[in-house]
$ cat data-v7.txt   # compact mmCIF, C-alpha atoms
# COMPACT_ATOMS: atom_id res chain seq x y z
CA MET I 557 28.90 2.82 24.90
CA PRO I 558 25.75 2.76 22.75
CA THR I 559 23.56 5.82 23.00
CA GLN I 560 20.31 4.81 24.70
CA ASP I 561 16.75 5.97 24.04
CA ARG I 562 15.88 9.40 25.38
CA ALA I 563 12.40 10.77 25.73
CA ALA I 564 11.21 12.35 22.49
CA ALA I 565 12.77 15.76 22.02
CA GLU I 566 10.53 18.72 22.86
CA TRP I 567 9.47 20.44 19.64
CA ARG I 568 11.23 23.71 20.44
CA GLU I 569 14.50 21.86 20.88
CA LEU I 570 14.08 20.22 17.48
CA ALA I 571 13.11 23.57 15.95
CA LEU I 572 16.24 25.11 17.47
CA LEU I 573 18.43 22.40 15.95
CA TRP I 574 16.59 22.67 12.65
CA ALA I 575 17.18 26.41 12.47
CA ALA I 576 20.83 25.98 13.45
CA ARG I 577 21.32 23.34 10.77
CA ARG I 578 19.36 25.27 8.15
CA CYS I 579 21.36 28.48 8.55
CA GLY I 580 24.72 26.68 8.70
CA ALA I 581 25.45 27.40 12.36
CA LEU I 582 25.36 23.72 13.30
CA ASP I 583 27.95 22.80 10.67
CA ALA I 584 30.11 25.69 11.79
CA LEU I 585 29.97 24.66 15.44
CA ALA I 586 30.62 21.03 14.55
CA THR I 587 33.78 21.88 12.62
CA THR I 588 35.79 25.05 13.22
CA ALA I 589 33.69 27.74 14.89
CA GLY I 590 34.27 28.21 18.61
CA THR I 591 32.64 31.56 19.31
CA ALA I 592 29.39 33.29 18.43
CA ASP I 593 31.32 35.75 16.27
CA THR I 594 32.90 32.99 14.17
CA VAL I 595 29.51 31.30 13.85
CA ALA I 596 28.08 34.59 12.57
CA ASP I 597 30.92 34.92 10.05
CA GLU I 598 30.80 31.34 8.77
CA ALA I 599 26.99 31.09 8.65
CA ASP I 600 26.55 34.68 7.45
CA ILE I 601 24.01 35.58 10.11
CA ASP I 602 23.55 38.59 12.37
CA PRO I 603 26.15 38.55 15.21
CA GLN I 604 23.67 39.30 17.98
CA SER I 605 21.33 36.61 16.69
CA ALA I 606 24.25 34.18 16.52
CA GLU I 607 25.09 34.92 20.14
CA ARG I 608 21.52 34.17 21.22
CA LEU I 609 21.39 31.02 19.10
CA VAL I 610 24.64 29.68 20.56
CA ALA I 611 23.47 30.51 24.08
CA ALA I 612 20.29 28.50 23.51
CA LEU I 613 22.28 25.53 22.18
CA GLU I 614 24.47 25.70 25.27
CA ALA I 615 21.42 25.85 27.54
CA GLN I 616 20.04 22.69 25.88
CA GLY I 617 23.30 20.85 26.52
CA PHE I 618 24.60 20.75 22.95
CA LEU I 619 27.56 23.02 23.66
CA ALA I 620 29.89 23.59 26.59
CA HIS I 621 31.77 26.84 27.23
CA VAL I 622 35.42 25.94 27.81
CA ASP I 623 38.29 28.43 28.01
CA GLY I 624 36.33 31.15 26.24
CA GLU I 625 35.09 28.99 23.37
CA TYR I 626 32.19 26.67 22.70
CA GLU I 627 32.80 22.95 22.24
CA PRO I 628 30.26 20.33 21.13
CA THR I 629 29.08 17.99 23.88
CA ASN I 630 28.09 14.33 23.57
CA ARG I 631 24.55 15.45 22.77
CA LEU I 632 25.90 16.79 19.49
CA LEU I 633 28.01 13.72 18.80
CA GLY I 634 25.53 12.20 16.36
CA PHE I 635 25.87 15.26 14.15
CA LEU I 636 29.67 15.06 14.15
CA THR I 637 30.39 11.45 13.24
CA LYS I 638 28.51 8.84 11.23
CA THR I 639 31.20 6.15 11.22
CA ASP I 640 29.77 4.10 14.08
CA LEU I 641 25.99 3.78 14.18
CA ARG I 642 26.16 3.46 17.96
CA SER I 643 27.43 7.04 18.27
CA ILE I 644 24.62 8.64 16.27
CA GLY I 645 21.75 8.25 18.71
CA ARG I 646 18.18 9.43 18.19
CA LEU I 647 18.40 13.17 17.62
CA PRO I 648 19.71 13.33 14.02
CA ALA I 649 16.88 11.11 12.78
CA GLU I 650 14.34 13.09 14.81
CA LEU I 651 15.67 16.27 13.23
CA ASP I 652 15.37 14.69 9.78
CA ALA I 653 11.74 13.86 10.56
CA PHE I 654 11.13 17.43 11.74
CA ASP I 655 12.64 18.67 8.46
CA ARG I 656 10.19 16.52 6.51
CA TRP I 657 7.22 17.67 8.61
CA VAL I 658 8.15 21.32 7.97
CA ALA I 659 8.07 20.55 4.24
CA LEU I 660 4.84 18.53 4.49
CA PRO I 661 2.57 21.21 2.94
CA GLU I 662 4.71 21.17 -0.21
CA THR I 663 4.88 17.36 -0.16
CA LEU I 664 1.09 17.17 0.07
CA ALA I 665 0.93 19.43 -2.99
CA GLY I 666 3.08 16.99 -4.97
CA ALA I 667 6.64 18.18 -4.35
CA ASP I 668 9.36 15.65 -3.61
CA PRO I 669 9.97 15.38 0.14
CA PRO I 670 13.36 16.56 1.44
CA GLU I 671 16.03 13.90 1.75
CA PRO I 672 18.44 15.12 4.43
CA ALA I 673 22.10 14.19 4.18
CA ASP I 674 22.95 10.94 5.98
CA ALA I 675 19.23 10.18 6.42
CA LEU I 676 19.69 6.40 6.23
CA ARG I 677 22.56 6.28 8.72
CA ASN I 678 20.64 8.61 11.03
CA GLU I 679 17.62 6.30 10.86
CA LEU I 680 19.76 3.25 11.60
CA GLY I 681 21.46 5.11 14.43
CA ARG I 682 18.10 5.89 16.00
CA GLU I 683 17.09 2.24 15.79
CA ARG I 684 20.41 1.15 17.26
CA ALA I 685 19.74 3.48 20.20
CA ALA I 686 16.52 1.64 21.10
CA ASP I 687 16.20 1.10 24.82
CA THR I 688 17.39 -2.34 25.98
CA ALA I 689 14.08 -3.04 27.72
CA ARG I 690 12.22 -2.36 24.47
CA VAL I 691 14.51 -4.63 22.44
CA ARG I 692 14.22 -7.49 24.92
CA SER I 693 10.44 -7.13 25.13
CA GLU I 694 10.03 -7.18 21.35
CA VAL I 695 12.21 -10.28 21.04
CA THR I 696 10.39 -12.02 23.90
CA THR I 697 7.04 -11.30 22.23
CA ALA I 698 8.34 -12.79 18.98
CA VAL I 699 9.77 -15.88 20.69
CA HIS I 700 6.32 -16.68 22.15
CA ALA I 701 5.15 -17.38 18.59
CA ALA I 702 7.74 -20.16 18.17
CA PRO I 703 8.79 -21.29 21.66
CA ASP I 704 10.53 -24.43 20.37
CA GLY I 705 12.26 -22.72 17.45
CA ASP I 706 15.98 -22.23 17.00
CA ARG I 707 16.36 -20.48 13.63
CA VAL I 708 15.01 -16.99 12.94
CA VAL I 709 15.14 -14.60 9.99
CA VAL I 710 14.87 -10.97 11.06
CA LEU I 711 13.61 -8.45 8.49
CA GLY I 712 14.47 -4.80 8.98
CA ASP I 713 15.66 -4.13 12.54
CA GLY I 714 17.65 -1.00 11.84
CA GLY I 715 21.00 -1.38 13.57
CA GLY I 716 20.46 -5.08 14.30
CA SER I 717 19.76 -4.88 18.03
CA ARG I 718 16.99 -7.48 17.93
CA ALA I 719 19.04 -9.82 15.76
CA VAL I 720 21.86 -9.66 18.33
CA GLU I 721 19.38 -10.27 21.15
CA PHE I 722 18.12 -13.39 19.37
CA ALA I 723 21.71 -14.60 18.93
CA ASP I 724 22.44 -13.97 22.61
CA ARG I 725 19.49 -16.23 23.42
CA GLY I 726 20.99 -19.06 21.39
CA TRP I 727 19.05 -18.68 18.15
CA SER I 728 20.64 -19.08 14.74
CA VAL I 729 19.99 -15.67 13.17
CA THR I 730 19.88 -14.25 9.67
CA LEU I 731 19.37 -10.50 9.33
CA TYR I 732 17.81 -9.77 5.95
CA ASP I 733 17.41 -6.28 4.53
CA THR I 734 18.13 -4.12 1.50
CA PRO I 735 21.75 -3.96 0.31
CA GLU I 736 22.33 -0.38 1.46
CA ARG I 737 21.08 -1.18 4.97
CA ILE I 738 23.10 -4.37 5.23
CA ASP I 739 26.22 -2.52 4.05
CA ALA I 740 25.66 0.10 6.75
CA VAL I 741 25.28 -2.38 9.63
CA GLU I 742 27.93 -4.88 8.52
CA PRO I 743 30.83 -3.20 10.41
CA LEU I 744 28.68 -3.03 13.53
CA LEU I 745 27.74 -6.72 13.43
CA SER I 746 30.97 -8.21 12.10
CA ARG I 747 31.79 -9.79 15.47
CA GLU I 748 28.25 -10.88 16.28
CA SER I 749 26.78 -14.32 15.62
CA VAL I 750 24.43 -12.92 13.00
CA GLU I 751 24.45 -13.89 9.33
CA LEU I 752 23.80 -10.93 7.03
CA GLN I 753 21.87 -11.35 3.80
CA ALA I 754 21.02 -8.55 1.37
CA GLY I 755 18.07 -8.49 -0.99
CA ASP I 756 14.60 -7.16 -1.64
CA PRO I 757 12.29 -8.06 1.28
CA THR I 758 9.27 -7.76 -1.00
CA ASP I 759 10.53 -10.42 -3.40
CA ALA I 760 12.87 -12.62 -1.39
CA ALA I 761 13.57 -16.29 -1.14
CA LEU I 762 14.23 -16.41 2.59
CA PRO I 763 16.05 -19.41 4.03
CA PRO I 764 13.75 -21.95 5.69
CA CYS I 765 13.44 -21.17 9.40
CA ASP I 766 11.21 -21.56 12.43
CA LEU I 767 10.29 -17.89 12.72
CA VAL I 768 10.33 -14.72 10.63
CA VAL I 769 10.32 -11.45 12.56
CA GLY I 770 9.82 -8.05 10.93
CA ILE I 771 10.79 -4.96 12.90
CA GLY I 772 9.21 -1.79 11.51
CA VAL I 773 9.60 -3.19 8.02
CA LEU I 774 5.98 -3.13 6.83
CA GLN I 775 5.59 0.63 7.30
CA ARG I 776 8.53 1.23 4.94
CA TYR I 777 6.43 -0.05 2.01
CA ASP I 778 3.06 0.55 0.38
CA ALA I 779 0.25 -1.93 0.95
CA ALA I 780 1.00 -4.14 -2.05
CA ASP I 781 4.68 -4.53 -1.17
CA ALA I 782 3.92 -4.97 2.54
CA ARG I 783 1.54 -7.79 1.68
CA ASN I 784 4.28 -9.39 -0.42
CA ILE I 785 6.62 -9.28 2.59
CA VAL I 786 4.04 -11.14 4.68
CA ALA I 787 3.65 -13.72 1.91
CA VAL I 788 7.42 -14.19 1.72
CA ALA I 789 7.49 -14.80 5.47
CA SER I 790 4.72 -17.40 5.32
CA ASP I 791 6.61 -19.27 2.59
CA ALA I 792 9.72 -19.45 4.80
CA ALA I 793 8.44 -20.21 8.29
CA PRO I 794 5.54 -21.76 10.24
CA ALA I 795 5.35 -18.61 12.36
CA ALA I 796 5.80 -14.90 11.68
CA VAL I 797 5.66 -11.80 13.86
CA PHE I 798 5.58 -8.27 12.50
CA ILE I 799 6.30 -5.64 15.15
CA ASP I 800 5.10 -2.36 13.73
CA ALA I 801 2.66 0.53 13.94
CA PHE I 802 -0.84 -0.51 12.86
CA GLN I 803 -3.79 1.78 12.19
CA GLY I 804 -6.75 1.04 14.44
CA VAL I 805 -4.62 -0.31 17.30
CA THR I 806 -2.96 2.74 18.86
CA ASP I 807 -3.40 6.47 18.39
CA ALA I 808 0.35 6.78 17.74
CA ALA I 809 -0.07 4.86 14.48
CA ALA I 810 -1.83 7.84 12.90
CA LEU I 811 1.21 10.04 13.50
CA ALA I 812 3.53 7.25 12.34
CA ASP I 813 1.51 7.19 9.14
CA ILE I 814 2.10 10.92 8.63
CA ASP I 815 5.81 10.33 9.26
CA ARG I 816 5.77 7.97 6.28
CA LEU I 817 3.64 10.38 4.22
CA ALA I 818 6.16 13.13 4.92
CA ALA I 819 8.96 10.78 3.84
CA GLY I 820 7.13 10.05 0.59
CA ARG I 821 7.02 6.28 1.03
CA GLY I 822 5.24 3.61 3.04
CA GLY I 823 2.61 4.00 5.74
CA ALA I 824 1.15 2.57 8.91
CA HIS I 825 -1.12 -0.17 7.56
CA ASP I 826 -4.61 -0.95 8.78
CA ALA I 827 -4.66 -3.70 11.41
CA ALA I 828 -7.53 -5.54 9.72
CA ALA I 829 -5.63 -5.59 6.44
CA VAL I 830 -2.50 -6.96 8.10
CA ARG I 831 -4.56 -9.68 9.77
CA SER I 832 -5.99 -10.66 6.39
CA TRP I 833 -2.50 -10.84 4.86
CA LEU I 834 -1.35 -13.12 7.63
CA ALA I 835 -4.50 -15.24 7.33
CA ASP I 836 -3.50 -16.13 3.77
CA GLY I 837 -0.67 -18.22 5.20
CA TYR I 838 -1.48 -18.87 8.84
CA GLY I 839 -4.41 -20.27 10.74
CA ASP I 840 -3.86 -18.54 14.09
CA VAL I 841 -3.66 -14.77 13.60
CA HIS I 842 -3.88 -11.97 16.15
CA ILE I 843 -2.44 -8.58 17.10
CA GLU I 844 -1.15 -7.94 20.61
CA ALA I 845 0.50 -5.16 22.57
CA VAL I 846 4.25 -5.26 23.12
CA PRO I 847 5.32 -4.08 26.59
CA SER I 848 7.87 -1.23 26.63
CA SER I 849 7.47 -0.73 22.87
CA PRO I 850 5.50 1.87 20.88
CA TYR I 851 4.73 -0.90 18.39
CA SER I 852 2.25 -3.77 18.38
CA ALA I 853 2.87 -7.34 17.21
CA ALA I 854 0.90 -8.94 14.37
CA VAL I 855 1.34 -12.68 14.89
CA GLY I 856 0.69 -15.56 12.52
CA ARG I 857 1.14 -19.20 13.52
CA GLY I 858 0.27 -22.59 12.06
CA VAL I 859 0.39 -23.07 8.29
CA GLU I 860 -3.01 -24.03 6.96
$ encode --input "data-v7.txt" --output "structure tokens"
Amino acid sequence: MPTQDRAAAEWRELALLWAARRCGALDALATTAGTADTVADEADIDPQSAERLVAALEAQGFLAHVDGEYEPTNRLLGFLTKTDLRSIGRLPAELDAFDRWVALPETLAGADPPEPADALRNELGRERAADTARVRSEVTTAVHAAPDGDRVVVLGDGGGSRAVEFADRGWSVTLYDTPERIDAVEPLLSRESVELQAGDPTDAALPPCDLVVGIGVLQRYDAADARNIVAVASDAAPAAVFIDAFQGVTDAAALADIDRLAAGRGGAHDAAAVRSWLADGYGDVHIEAVPSSPYSAAVGRGVE
């Protein structure tokens, strides 16, 4: 079963996981270590400290004490296997983000941000774990921009949940993203009625369609490239909806912007700027809230 959205992890829990990963205890527990003593040996940490660390991980539900040894629970599953995006869940990507925030002072001073192992798959796993109500609400909001449409190109969309939702509603769907992202989601979507197409979203020749929908794609790029993505959408379709974090719309966008700053790429773009990009290709432009989603929808309809 797909891992569903959980409430955002409390910062101490993320700090606990970060410390356990940083010192090697998490890898030890995920592979061969079954006791605090073996964790201490394999991670080369103080035995009493290892015992307290393991006890805290058990208390947070990451470990279970079975027959005298600790075993990883389902909460730790996303750290154990990356084969199926559905099994990763939210926590590994949240821990990657925490890692980048810890390094933010150095990043602000010009150092390269950390790039945790499996960062892309963790990010896609988090997106695949999006709550069903959120996915349906975002798709419904997009459909309102082209109520009579039947062909959609979806840009971004992480694990492809929105693309699948469109297909389930009878739309002909193309999921377009960078080659590495398409390669990662292909096994997951091989039995779905979703066409996969790899390329550069900032310089694409999208197939003609009734609607282009971007899910969190604009914040992955700087302003110039994000504007190009909007232009590409307006060339392909008479309606476009970009569901994303926009500065000046919600307070959460400011923190989303720092997430991108910590990652060393992209940002939460100003709502007025996004409106102006859409206005280059569409006559009816507005930004609206999306129920059950942390994002807003920038909508463009009617080619001038």
$ residues_near_point --input "data-v7.txt" --point "(8.5, 1.3, 11.7)" --cutoff "7 Å" --atoms "all atoms listed in the file" --output "ChimeraX atom specification"
/I:771-773,775-776,800-801
$ closest_residue --input "data-v7.txt" --among "I:Leu767, I:Ala819, I:Val691, I:Leu632" --to "Pro669 of chain I" --atoms "only C-alpha atoms"
I:Ala819
$ residues_around --input "data-v7.txt" --residues "Pro670 of chain I" --least-positions-apart "6" --cutoff "9 Å" --atoms "all atoms listed in the file" --output "number ranges by chain"
I: 652, 655-656, 659, 663, 818-819
$ atom_distance --input "data-v7.txt" --atom1 "atom CA of Leu641 of chain I" --atom2 "atom CA of Gly681 of chain I"
4.7 Å
$ residues_around --input "data-v7.txt" --residues "Ala586 of chain I" --least-positions-apart "5" --cutoff "10 Å" --atoms "all atoms listed in the file" --output "VMD selection string"
chain I and resid 581 619 627 to 629 632 to 633 635 to 637
$ atom_distance --input "data-v7.txt" --atom1 "atom CA of Tyr732 of chain I" --atom2 "atom CA of Ala795 of chain I"
16.6 Å
$ residues_near_point --input "data-v7.txt" --point "(18.7, 31.7, 21.8)" --cutoff "12 Å" --atoms "only C-alpha atoms" --output "ChimeraX atom specification"
/I:568-569,571-573,575-576,592,604-616
$ axis_aligned_box --input "data-v7.txt" --around "segment 826-830 of chain I" --padding-each-side "4 Å" --output "AutoDock Vina command-line options"
--center_x -5.0 --center_y -4.0 --center_z 8.9 --size_x 13.0 --size_y 14.0 --size_z 13.0
$ residues_around --input "data-v7.txt" --residues "Val768 of chain I" --least-positions-apart "6" --cutoff "6 Å" --atoms "only C-alpha atoms" --output "VMD selection string"
chain I and resid 708 to 710 789 796
$ closest_residue --input "data-v7.txt" --among "I:Leu664, I:Val805, I:Leu817, I:Ser790" --to "His842 of chain I" --atoms "only C-alpha atoms"
I:Val805
$ atom_distance --input "data-v7.txt" --atom1 "atom CA of Ser728 of chain I" --atom2 "atom CA of Asp706 of chain I"
6.1 Å
$ residues_around --input "data-v7.txt" --residues "segment 782-785 of chain I" --least-positions-apart "3" --cutoff "8 Å" --atoms "all atoms listed in the file" --output "PyMOL selection string"
chain I and resi 757-759+774-775+777-779+788-789+830+833
$ closest_residue --input "data-v7.txt" --among "I:Asp756, I:Glu748, I:Asp733, I:Glu844" --to "Ser717 of chain I" --atoms "only C-alpha atoms"
I:Glu748
$ residues_around --input "data-v7.txt" --residues "Ala701 of chain I" --least-positions-apart "5" --cutoff "12 Å" --atoms "all atoms listed in the file" --output "list in words"
Glu694, Val695, Thr696, Asp706, Val708, Asp766, Leu767, Val768, Val769, Ala793, Pro794, Ala795, Ala796, Val797, Phe798, Tyr838, Asp840, Val841, His842, Ile843, Glu844, Ala853, Ala854, Val855, Gly856, Arg857 and Gly858 of chain I
$ closest_residue --input "data-v7.txt" --among "I:Glu671, I:Asp807, I:Asp739, I:Asp640" --to "Tyr851 of chain I" --atoms "only C-alpha atoms"
I:Asp807
